[in-house]
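See below for the structure under consideration.
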Amino acid sequence: MRTINSISKIMLTMALGIAIHTSAYAQPPAHAGKDKHGYFVSGQIVVKPRAGVAEQVLQNIFSGEHAVQSRALEKINARILRVPEGKEQMIIERLSKNPHIEYAELDRYYEPNFVPNDPYYGSSWHHQVMHSPQAWDITQGDPNIIIAILDGGVHASHPDLAADMVPGWNVVSNNSDTSDINGHGTVTAGAAAAIGNNAQGVAGMAMNAKIMPIRITNDTGGSATGTNIAAGFIWAADHGAKVASNSYESHNSGSTMNNATGYLRDRGGVAINSAGNTGAEQFYSDMPNLITVSATNQSDVRTSWSSFGNYVDVSAPGIDILTTWGPSSYGNTWGTSLSAPLTAGVAALIFAANPALTPDDVETILETSAVDLGTAGWDKYYGHGRVDAAAAVQMALTYTPPERDTISPTASINTPGAGSTLAGTAIVDVTANDNIGVTKVDLLVNGAFYASDTNSPYSFAWDTSSLGNADVTLTAKAFDAAGNTSTSSGVPVLVRNIVDNTPPVVTISQPANGATVSGRNTTISASATDDQTVSTMRLYIDGNLAASASGGSLSYNWNLRKVSDGTHSIRVEATDASANTASQLIEVIKGGGSTGDGGGGGTKGGGKGRK
């Protein structure tokens, strides 16, 4: 086992005051509105259109709400809109009912989850509890593995961080300024990956991993918007991060955050988040792509201030954590803001021990190897248990992923129903399920690709206007991560965009009106034209249906041998696709004789048959 060198300097005070509770702001964020759930960005909302909506249609919708798109999270197709202040919720409610919109929500503010102002020196007790030294006997981390720190920036010149820094990004200013604006990011970066065994300072959990600073706020008070946190996860995914640690309590930021963390996971990365420091149960929904961490103390008991709830996946030490502070100092801090990066460091060690593992494998190992605390099995205080670095790394070495998934997903179109008549923009809702997980669903129109949706519930805004009037079959194709696919049963629908009140024009071309027919038989020929489509034609002789045909042409061989002499009516009726009907009626005279080869076109009373 390699011995980590002792602390070279300890800073016992720090001039940084950050609230421990997302609703207990020292100062309200600038330009903020407030509702019962906390602060949000005044005059700004987040909207995601349904798959398949034309861009001009979307912008017209925004314009109708006096909303202007300021930017977009293009990788998850979320649009950030400027709207009139004070009307955010009203516009959200209207847009949520618009069939072209998948969701609309407020862009909320979130604060970092710790108060780094503990004046007492504490040793790195957390490494002993988490069995870090035993894990380090196997791996101290891989310099090819990047941990993204989503925070207020990092002091890149800190002597215990500098050598392991890689370029990051400021998603707020859209530039490379990732300097630490409030001290919080340097604290969390050190917990995750401060350089170890370098004769100074402290040792981060994954001491050889690289640190990617992603600044999600320019606010010295620390608050960050949900869209900037989501943008941070997306930037991390696009620039090679295998682990992303976020210590802002952003669990209630809705669909945008879920889509962003899913984007990271789909590209091989793991997203880890702190549970919060309210000391109370939080009734957030569990985000499937986010590993959420509560805090424990030296006695392996949840701290009194750690949040808890159904969204907690694991727990980790979070009090008196010795880490990097300021440009060059060290100190003890507490909060779930430390629990998350420590867990992120363990995730990086797991990847280092077995690079072939997937994000799902890493989460399984973290949870399965954790020390079960509290009620047996998962519980809302500790999740699956307190993270154990040594057990996790050891499991990673021998971990055998489940056998390759060969089970195809299933897909079915819920709406519209078979035989529905549609016009304009039609909403197509699809249910897709898989034994592991569905990655995307494609909508096919008459077998041709129309649009994809990557997030459940799967919903499409299908613009039927270009089809005019047509009979269409819709199918949905579901994909899973293993490449298995399946296509739903076809759903036939009627597209009727053109209001057709014009009936067809029917022409009987043979025989002529008033003609004398004779002989064994005669041919009746008729046609119909329409501004759209002729569906059917029907022939009536003396009021009785004699023949029918699809389309706009009809020909019938009329047997005259059993037809009495005298006047007979011939009527041909045509119906178009919109059920408009028209007909033409003529009369003909059956002349004497019944053995001829058929007249047709003779004058009244005329026509010579064979004797």
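Naming works like this for the structure tokens: A, B, ... for the chains as they're shown, residue 1 at the start of each chain, ligands 1 onward in shown order.
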
Do you know which residues are at most 12 Å from A:Val534 counting only C-alpha atoms, after dropping those on the same chain fewer than 6 positions away, and could you put them as a PyMOL selection string? chain A and resi 500+502-506+527-528+549-554+573-582

What does the file look like for those residues with N, CA and C atoms, as a compact mmCIF listing (two decimals), in the first residue's frame?
# COMPACT_ATOMS: atom_id res chain seq x y z
N ASP A 500 -63.63 18.98 -49.14
CA ASP A 500 -64.08 18.73 -50.50
C ASP A 500 -65.61 18.67 -50.52
N THR A 502 -67.12 19.29 -53.58
CA THR A 502 -67.40 19.19 -55.00
C THR A 502 -67.59 17.73 -55.40
N PRO A 503 -68.76 17.38 -55.93
CA PRO A 503 -68.97 15.99 -56.32
C PRO A 503 -68.26 15.67 -57.63
N PRO A 504 -68.10 14.39 -57.90
CA PRO A 504 -67.48 14.01 -59.17
C PRO A 504 -68.36 14.38 -60.36
N VAL A 505 -67.78 14.34 -61.55
CA VAL A 505 -68.51 14.52 -62.81
C VAL A 505 -68.56 13.16 -63.51
N VAL A 506 -69.76 12.68 -63.77
CA VAL A 506 -69.94 11.34 -64.34
C VAL A 506 -70.30 11.46 -65.82
N SER A 527 -67.15 6.89 -67.13
CA SER A 527 -65.98 7.39 -66.39
C SER A 527 -66.42 8.51 -65.45
N ALA A 528 -65.56 8.83 -64.48
CA ALA A 528 -65.85 9.91 -63.53
C ALA A 528 -64.56 10.64 -63.21
N ALA A 549 -67.24 -0.59 -59.38
CA ALA A 549 -65.80 -0.60 -59.66
C ALA A 549 -65.12 0.45 -58.80
N SER A 550 -63.86 0.21 -58.40
CA SER A 550 -63.06 1.19 -57.69
C SER A 550 -62.43 2.15 -58.69
N GLY A 551 -62.27 3.41 -58.28
CA GLY A 551 -61.64 4.37 -59.15
C GLY A 551 -62.62 5.03 -60.10
N GLY A 552 -62.11 5.63 -61.16
CA GLY A 552 -62.92 6.48 -62.01
C GLY A 552 -63.27 5.90 -63.36
N SER A 553 -63.29 4.57 -63.47
CA SER A 553 -63.63 3.96 -64.75
C SER A 553 -64.47 2.72 -64.52
N LEU A 554 -65.52 2.55 -65.39
CA LEU A 554 -66.39 1.37 -65.27
C LEU A 554 -66.78 0.90 -66.66
N GLU A 573 -73.39 6.06 -60.98
CA GLU A 573 -73.17 6.91 -59.79
C GLU A 573 -71.71 6.83 -59.38
N ALA A 574 -71.10 7.96 -59.00
CA ALA A 574 -69.70 8.00 -58.55
C ALA A 574 -69.61 8.71 -57.20
N THR A 575 -68.73 8.20 -56.33
CA THR A 575 -68.50 8.78 -54.99
C THR A 575 -67.02 9.08 -54.84
N ASP A 576 -66.69 10.28 -54.29
CA ASP A 576 -65.28 10.63 -54.10
C ASP A 576 -64.84 10.32 -52.68
N ALA A 577 -63.57 10.62 -52.38
CA ALA A 577 -63.00 10.27 -51.08
C ALA A 577 -63.65 11.01 -49.93
N SER A 578 -64.33 12.11 -50.22
CA SER A 578 -65.01 12.87 -49.16
C SER A 578 -66.50 12.54 -49.11
N ALA A 579 -66.89 11.45 -49.77
CA ALA A 579 -68.27 10.94 -49.76
C ALA A 579 -69.23 11.81 -50.56
N ASN A 580 -68.71 12.72 -51.38
CA ASN A 580 -69.58 13.44 -52.31
C ASN A 580 -69.99 12.49 -53.44
N THR A 581 -71.27 12.56 -53.83
CA THR A 581 -71.80 11.62 -54.82
C THR A 581 -72.50 12.38 -55.95
N ALA A 582 -72.33 11.88 -57.18
CA ALA A 582 -73.02 12.43 -58.36
C ALA A 582 -73.33 11.28 -59.30

Looking only at strand (DSSP E or B) from DSSP on the backbone, list the matching residues of stretch 314-553 of chain A as number ranges by chain. A: 314-317, 321-325, 329-333, 335, 371, 379, 383, 386, 410-415, 421-422, 425-433, 438-445, 448-453, 458-463, 469-480, 485-487, 491-496, 505-510, 516-517, 521-529, 534-541, 544-550, 553

Which of these residues is nearest to A:Asp160, using only C-alpha atoms: A:Thr421, A:Asn197, A:Ser274, A:Asn144?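 Of the candidates, the smallest distance to A:Asp160 is held by A:Asn197.
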
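The shortest atom-to-atom distance to A:Glu249, with only C-alpha atoms taken into account, belongs to A:Tyr110 out of A:Phe308, A:Phe479, A:Tyr284, A:Tyr110.
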
Within 8 Å of A:Ser223, counting only C-alpha atoms, which residues show up once you throw out same-chain ones fewer than 5 positions away? Write them as a list in words, please.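 Within the cut-off, the hits are Pro29, Tyr109, Tyr110, Glu111, Pro112 and Thr217 of chain A.
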
Go ahead and write the selection's residues with N, CA and C atoms as a compact mmCIF listing (two decimals), in the first residue's frame.
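Here's the written file result.txt:
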# COMPACT_ATOMS: atom_id res chain seq x y z
N PRO A 29 -31.40 35.51 -5.31
CA PRO A 29 -30.66 35.69 -6.57
C PRO A 29 -31.15 36.94 -7.29
N TYR A 109 -33.55 28.57 -9.74
CA TYR A 109 -32.23 28.78 -9.16
C TYR A 109 -31.94 27.69 -8.14
N TYR A 110 -30.66 27.29 -8.07
CA TYR A 110 -30.22 26.31 -7.08
C TYR A 110 -28.94 26.80 -6.44
N GLU A 111 -28.76 26.45 -5.17
CA GLU A 111 -27.56 26.86 -4.46
C GLU A 111 -26.72 25.66 -4.10
N PRO A 112 -25.42 25.86 -3.91
CA PRO A 112 -24.56 24.76 -3.50
C PRO A 112 -24.95 24.27 -2.11
N THR A 217 -22.19 28.88 -12.82
CA THR A 217 -22.72 30.11 -12.25
C THR A 217 -21.67 31.21 -12.31

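The space between atom CA of A:Val83 and atom CA of A:Ile45 spans 7.2 Å.
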
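Residues of stretch 34-71 of chain A that DSSP, applied to the backbone, places in helix (DSSP H, G or I): Glu55, Gln56, Val57, Leu58, Gln59, Asn60, Ile61, Phe62, Ser63 and Gly64 of chain A.
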
Could you jot down the atom CA of A:Thr333 to atom CA of A:His127 separation for me, Å, one decimal place?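 Answer for the atom CA of A:Thr333 to atom CA of A:His127 separation: 14.7 Å.
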
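The gap separating atom CA of A:Ala230 from atom CA of A:Phe283 is 20.8 Å, in Å to one decimal.
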
Residues near stretch 61-68 of chain A, cut-off 6 Å, only C-alpha atoms, skip fewer than 3 positions along chain, as JSON, numbers by chain: {"A": [58, 81, 82, 83]}

Just the selected residues (all heavy atoms), exported as a compact mmCIF listing (two decimals), in the first residue's frame, please.
# COMPACT_ATOMS: atom_id res chain seq x y z
N LEU A 58 -42.71 26.33 -34.72
CA LEU A 58 -42.34 26.53 -33.32
C LEU A 58 -42.12 28.01 -33.01
O LEU A 58 -42.62 28.53 -32.00
CB LEU A 58 -41.08 25.72 -33.02
CG LEU A 58 -40.61 25.70 -31.57
CD1 LEU A 58 -41.65 25.02 -30.69
CD2 LEU A 58 -39.28 24.97 -31.47
N LEU A 81 -36.44 30.55 -23.29
CA LEU A 81 -37.21 31.67 -23.83
C LEU A 81 -37.25 32.83 -22.86
O LEU A 81 -37.42 32.65 -21.65
CB LEU A 81 -38.65 31.23 -24.12
CG LEU A 81 -38.88 29.98 -24.97
CD1 LEU A 81 -40.37 29.77 -25.17
CD2 LEU A 81 -38.16 30.09 -26.31
N ARG A 82 -37.13 34.03 -23.39
CA ARG A 82 -37.40 35.24 -22.63
C ARG A 82 -38.88 35.55 -22.80
O ARG A 82 -39.40 35.59 -23.92
CB ARG A 82 -36.56 36.42 -23.14
CG ARG A 82 -35.06 36.23 -22.97
CD ARG A 82 -34.65 36.05 -21.52
NE ARG A 82 -35.10 37.16 -20.69
CZ ARG A 82 -35.11 37.14 -19.36
NH1 ARG A 82 -34.72 36.05 -18.71
NH2 ARG A 82 -35.51 38.20 -18.69
N VAL A 83 -39.56 35.77 -21.68
CA VAL A 83 -41.00 36.03 -21.69
C VAL A 83 -41.28 37.24 -20.80
O VAL A 83 -40.43 37.64 -19.99
CB VAL A 83 -41.79 34.81 -21.19
CG1 VAL A 83 -41.57 33.60 -22.08
CG2 VAL A 83 -41.43 34.48 -19.74

Tell me, as a list of chain:residue names, which residues lie within 9 Å of A:Ala244, counting only C-alpha atoms; anything in the same chain fewer than 2 positions away does not count.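 The neighbour list is A:Ile146, A:Ile147, A:Ala148, A:Ile149, A:Leu150, A:Met212, A:Gly232, A:Phe233, A:Ala236, A:Ala237, A:Ala241, A:Lys242, A:Asn246, A:Leu264, A:Gly269, A:Val270, A:Ala271, A:Ile272, A:Asn273, A:Pro341, A:Ala344.
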
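When only C-alpha atoms are used to measure the gap to A:Asn484, the shortest distance among A:Ser42, A:Ser525, A:Ser408, A:Thr439 belongs to A:Ser408.
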
Which is closer to A:Ile319 than all the others in A:Gln59, A:Asn332, A:Ser307, A:Thr487, using only C-alpha atoms?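 Answer, going by the shortest atom-to-atom distance: A:Asn332.
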
Spatial neighbours of A:Arg215, max dist 7 Å, only C-alpha atoms, sep filter under 3 positions, as a list of chain:residue names: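 Contacts, in chain order: A:Leu150, A:Asp151, A:Gly152, A:Gly153, A:Trp169, A:Asn170, A:Val171, A:Thr178.
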
Restricting it to C-alpha atoms, dump the selection as a tab-separated table (two decimals), in the first residue's frame.
chain	number	residue	atom	x	y	z
A	150	LEU	CA	-20.03	21.33	-12.15
A	151	ASP	CA	-19.69	24.29	-9.81
A	152	GLY	CA	-18.58	27.89	-9.51
A	153	GLY	CA	-15.21	27.17	-11.07
A	169	TRP	CA	-15.90	25.72	-19.87
A	170	ASN	CA	-18.06	28.49	-18.47
A	171	VAL	CA	-21.54	27.59	-19.74
A	178	THR	CA	-13.52	28.68	-15.16

Considering only C-alpha atoms, return as number ranges by chain whatever protein or nucleic-acid residues lie within 10 Å of A:Leu444, sequence-local ones (same chain, fewer than 2 positions apart) excluded. A: 441-442, 446-452, 473-477, 487-488, 490
